[in-house]
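Trainee: Attaching a single structure in structure tokens format; questions to follow.
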Amino acid sequence: MSESRRQENGFFYICKGNSSKNPINDMESTARDEDVPTSTESNVPSSANGAELVAESVINTRSSAPADCSWKPDNSDAPKVPEGFTKVAETKFQMKVEEFFNLYFSDKAVNFIESFHRRRGDKEFSCSSWCPHDKFGHVRDVSFQHPIKLYFGMSLLSYMNLFPCIIIPADFSIYFGANFGSCQETQKFRIYRNSHLVIETSQEINNVPYGDYFIVEGLWSVERDINGQREDCILRVYVNLAFSKRTVWKGKIVQSTLEECREAYATWIAMAHELLQQNKDKQGLDPSGSSIENGELQIKREVAQRILQKDLITRLIQ
């Protein structure tokens, strides 16, 4: 049983789901910083043909010339994570911070970025080149169409007030949202002392209910992690919702957005590690760090053993 009606710029649906509490008050807020388990792998399944890391480049250059994104750290410490941001992801990469940027965020990495958006179900992806920014290193614009799912739980009494002639089970929830929302994102990066990379994102979502009430702010912090003679890096991702208008749905919007961000970054981390492993394989390194030369030596040994076995069988037959 379903019924739909227009709700602002989106659609209003009744969807089967778990019952929920009454709407969270506008003044309520979620935890500002939660512990996120550190991982170097993810349980997000890969596609049948492996990582979808090969995609057609879509780059819209700005009117100004592309920036010189050479690695030039500032002689200053990175600022602390602003109050109100929630940590939604953390992982470690066996690579330097500069290599991290080149592989995942440079202009040459646009194929990987588009592949991530395609995995998330986005469409009409577009990305400009990095350009100098007066106050924050470099900046670029990203746009795409994203499938929207915003769930707002309501009490059974609220349902009965909305639909007095319909009997609705207590385990139903209400779904607000259009099929796709238009996302406009600005990305900025800056390199601080000790190659501390900070990437800030600011995303607006149009054509969905309450989309003009808030902006999704993201902060990527990538720091060095010295492990003996090897230099790795640790990625931490934080998210904040900056509201410009009051709404009783604020708590639920924040909760739903954080849940989707955790899911999205888990997918990103899985794809990033998979791409890194592919690059290691191309360079002749297996997960344990053995080189191609060691692999060739092993093959030669196996061939020699087969020759000896064949020779032994021939002697036995004679």
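In the structure tokens, the first chain shown is A, the next is B, and so on; residue numbers restart at 1 for each chain, and ligands run from 1 in the order shown.
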For range 225-234 of chain A, find every residue with an atom within 7 Å (counting only C-alpha atoms), except residues of its own chain fewer than 5 positions away, and show them as an MDAnalysis selection string.

Mentor: chainID A and resid 91:97

Trainee: Please produce an output containing C-alpha atoms for each residue in the selection, written as a PDB file, in the first residue's frame.

Mentor:
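Wrote it out as out_24.pdb, contents follow:
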ATOM      1  CA  THR A  91      42.159   4.682   7.898  1.00  0.00           C
ATOM      2  CA  LYS A  92      45.867   4.217   7.249  1.00  0.00           C
ATOM      3  CA  PHE A  93      47.594   4.100   3.867  1.00  0.00           C
ATOM      4  CA  GLN A  94      51.037   2.630   3.185  1.00  0.00           C
ATOM      5  CA  MET A  95      52.143   5.629   1.169  1.00  0.00           C
ATOM      6  CA  LYS A  96      53.397   9.167   1.680  1.00  0.00           C
ATOM      7  CA  VAL A  97      50.990  12.086   2.007  1.00  0.00           C
TER       8      VAL A  97
END

Trainee: May I have the residues within 6 Å of Cys183 in chain A as a list in words, using only C-alpha atoms and disregarding those fewer than 4 positions away in the same chain?

Mentor: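 Contacts, in chain order: Ser143, Phe144, Gln145, Glu204 and Ile205 of chain A.
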
Trainee: When DSSP works through the backbone of this structure, what residues of range 86-259 of chain A end up as strand (DSSP E or B), shown as a ChimeraX atom specification?

Mentor: /A:86-93,123-127,131-132,138-147,150-152,172-177,180-192,196-206,214-227,230-243

Trainee: For Asn207 in chain A, which of A:Ser195, A:Asn279, A:Ser128, A:Asn179 is the closest residue, counting only C-alpha atoms?

Mentor: A:Asn179

Trainee: Could you check which of A:His133, A:Lys108, A:Thr267, A:Tyr213 is closest to Lys250 in chain A, using only C-alpha atoms?

Mentor: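 Ranking A:His133, A:Lys108, A:Thr267, A:Tyr213 by distance to Lys250 in chain A, first place goes to A:Tyr213.
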
Trainee: Just want the 7 Å neighbourhood of range 237-249 of chain A, counted on only C-alpha atoms, with same-chain residues fewer than 4 positions away dropped. Output as JSON, numbers by chain.

Mentor: {"A": [23, 24, 25, 26, 84, 85, 86, 87, 88, 89, 90, 213, 214, 215, 216, 217, 218, 219, 220, 221, 253, 254]}

Trainee: Output the selection as an mmCIF file, in the first residue's frame - N, CA, C and O atoms for each residue.

Mentor:
data_model
loop_
_atom_site.group_PDB
_atom_site.id
_atom_site.type_symbol
_atom_site.label_atom_id
_atom_site.label_comp_id
_atom_site.auth_asym_id
_atom_site.auth_seq_id
_atom_site.Cartn_x
_atom_site.Cartn_y
_atom_site.Cartn_z
ATOM 1 N N PRO A 23 9.664 13.479 15.960
ATOM 2 C CA PRO A 23 10.742 14.292 15.396
ATOM 3 C C PRO A 23 11.610 14.913 16.477
ATOM 4 O O PRO A 23 11.136 15.369 17.502
ATOM 5 N N ILE A 24 12.898 14.939 16.204
ATOM 6 C CA ILE A 24 13.846 15.498 17.149
ATOM 7 C C ILE A 24 13.759 17.012 17.107
ATOM 8 O O ILE A 24 13.692 17.619 16.058
ATOM 9 N N ASN A 25 13.812 17.631 18.251
ATOM 10 C CA ASN A 25 13.682 19.075 18.327
ATOM 11 C C ASN A 25 14.852 19.774 17.661
ATOM 12 O O ASN A 25 15.951 19.261 17.612
ATOM 13 N N ASP A 26 14.603 20.951 17.165
ATOM 14 C CA ASP A 26 15.619 21.721 16.433
ATOM 15 C C ASP A 26 16.857 21.995 17.266
ATOM 16 O O ASP A 26 17.957 22.095 16.750
ATOM 17 N N GLY A 84 32.140 21.184 16.447
ATOM 18 C CA GLY A 84 30.902 20.823 15.773
ATOM 19 C C GLY A 84 31.088 19.770 14.699
ATOM 20 O O GLY A 84 30.109 19.174 14.236
ATOM 21 N N PHE A 85 32.336 19.509 14.282
ATOM 22 C CA PHE A 85 32.587 18.488 13.265
ATOM 23 C C PHE A 85 32.614 17.098 13.904
ATOM 24 O O PHE A 85 33.127 16.924 15.013
ATOM 25 N N THR A 86 32.067 16.121 13.195
ATOM 26 C CA THR A 86 32.010 14.740 13.662
ATOM 27 C C THR A 86 32.903 13.860 12.787
ATOM 28 O O THR A 86 32.813 13.913 11.559
ATOM 29 N N LYS A 87 33.747 13.053 13.414
ATOM 30 C CA LYS A 87 34.611 12.152 12.655
ATOM 31 C C LYS A 87 33.787 10.980 12.117
ATOM 32 O O LYS A 87 33.105 10.291 12.865
ATOM 33 N N VAL A 88 33.839 10.770 10.808
ATOM 34 C CA VAL A 88 33.033 9.723 10.177
ATOM 35 C C VAL A 88 33.883 8.643 9.521
ATOM 36 O O VAL A 88 33.342 7.618 9.084
ATOM 37 N N ALA A 89 35.192 8.836 9.448
ATOM 38 C CA ALA A 89 36.038 7.818 8.826
ATOM 39 C C ALA A 89 37.484 8.017 9.244
ATOM 40 O O ALA A 89 37.924 9.141 9.502
ATOM 41 N N GLU A 90 38.224 6.908 9.307
ATOM 42 C CA GLU A 90 39.655 6.952 9.605
ATOM 43 C C GLU A 90 40.299 5.688 9.067
ATOM 44 O O GLU A 90 39.744 4.586 9.198
ATOM 45 N N TYR A 213 18.261 24.586 3.549
ATOM 46 C CA TYR A 213 18.348 24.876 4.977
ATOM 47 C C TYR A 213 19.757 24.689 5.516
ATOM 48 O O TYR A 213 20.079 25.192 6.599
ATOM 49 N N PHE A 214 20.605 23.939 4.815
ATOM 50 C CA PHE A 214 21.906 23.612 5.385
ATOM 51 C C PHE A 214 22.937 23.362 4.285
ATOM 52 O O PHE A 214 22.602 23.172 3.117
ATOM 53 N N ILE A 215 24.201 23.390 4.677
ATOM 54 C CA ILE A 215 25.336 23.067 3.818
ATOM 55 C C ILE A 215 26.133 21.960 4.496
ATOM 56 O O ILE A 215 26.357 22.002 5.713
ATOM 57 N N VAL A 216 26.549 20.974 3.738
ATOM 58 C CA VAL A 216 27.361 19.885 4.278
ATOM 59 C C VAL A 216 28.836 20.254 4.128
ATOM 60 O O VAL A 216 29.346 20.403 3.024
ATOM 61 N N GLU A 217 29.516 20.401 5.260
ATOM 62 C CA GLU A 217 30.933 20.748 5.266
ATOM 63 C C GLU A 217 31.765 19.507 5.582
ATOM 64 O O GLU A 217 31.437 18.754 6.502
ATOM 65 N N GLY A 218 32.818 19.313 4.827
ATOM 66 C CA GLY A 218 33.706 18.184 5.058
ATOM 67 C C GLY A 218 35.126 18.645 5.290
ATOM 68 O O GLY A 218 35.550 19.685 4.776
ATOM 69 N N LEU A 219 35.877 17.888 6.070
ATOM 70 C CA LEU A 219 37.280 18.192 6.331
ATOM 71 C C LEU A 219 38.077 16.896 6.296
ATOM 72 O O LEU A 219 37.826 15.980 7.080
ATOM 73 N N TRP A 220 39.028 16.814 5.362
ATOM 74 C CA TRP A 220 39.923 15.664 5.234
ATOM 75 C C TRP A 220 41.284 16.060 5.813
ATOM 76 O O TRP A 220 41.890 17.024 5.361
ATOM 77 N N SER A 221 41.741 15.319 6.785
ATOM 78 C CA SER A 221 43.046 15.561 7.392
ATOM 79 C C SER A 221 43.938 14.356 7.121
ATOM 80 O O SER A 221 43.635 13.241 7.546
ATOM 81 N N ILE A 253 17.738 15.219 10.131
ATOM 82 C CA ILE A 253 18.549 15.493 8.945
ATOM 83 C C ILE A 253 20.021 15.227 9.244
ATOM 84 O O ILE A 253 20.740 14.618 8.448
ATOM 85 N N VAL A 254 20.488 15.690 10.417
ATOM 86 C CA VAL A 254 21.884 15.466 10.806
ATOM 87 C C VAL A 254 22.172 13.974 10.930
ATOM 88 O O VAL A 254 23.180 13.467 10.415
#

Trainee: Which residues come within 9 Å of Ser106 in chain A, counting only C-alpha atoms, excluding same-chain residues fewer than 4 positions away, as an NGL selection string?

Mentor: :A and (69 or 101-102 or 110 or 129-130)

Trainee: For C-alpha atoms, I'd like the residues from the last selection saved as a JSON list (two decimals), in the first residue's frame.

Mentor:
[["chain", "number", "residue", "atom", "x", "y", "z"],
["A", 69, "CYS", "CA", 50.02, 21.90, -7.75],
["A", 101, "PHE", "CA", 47.19, 13.45, -2.97],
["A", 102, "ASN", "CA", 48.57, 12.52, -6.40],
["A", 110, "VAL", "CA", 39.72, 12.51, -11.89],
["A", 129, "SER", "CA", 41.00, 21.69, -12.45],
["A", 130, "TRP", "CA", 42.71, 22.99, -9.34]]

Trainee: For Val142 in chain A, find every residue with an atom within 10 Å (counting only C-alpha atoms), except residues of its own chain fewer than 2 positions away, and show them as an MDAnalysis selection string.

Mentor: chainID A and resid 59:60 125:129 140 144 183:187 201 203

Trainee: What is the CA of Phe136 in chain A-CA of Asp74 in chain A distance in Å, reported with one decimal?

Mentor: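 Rounded to one decimal, the two atoms are 10.9 Å apart.
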
Trainee: Please report the interatomic distance between CA of Lys72 in chain A and CA of Lys282 in chain A in Å with one decimal.

Mentor: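 Distance between the two atoms: 28.4 Å.
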
Trainee: Can you measure CA of Asp122 in chain A to CA of Leu235 in chain A for me? One decimal in Å is fine.

Mentor: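 So the two atoms, CA of Asp122 in chain A and CA of Leu235 in chain A, lie 23.8 Å apart.
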
Trainee: Using DSSP on the backbone coordinates, identify all residues within range 60-267 of chain A classified as alpha helix (DSSP H); present the result as an MDAnalysis selection string.

Mentor: chainID A and resid 97:104 110:119 156:162 250:267

Trainee: Show which residues sit within 9 Å of Phe189 in chain A, as a PyMOL selection string. Count only C-alpha atoms, and ignore same-chain residues fewer than 5 positions away.

Mentor: chain A and resi 136-139+197-201
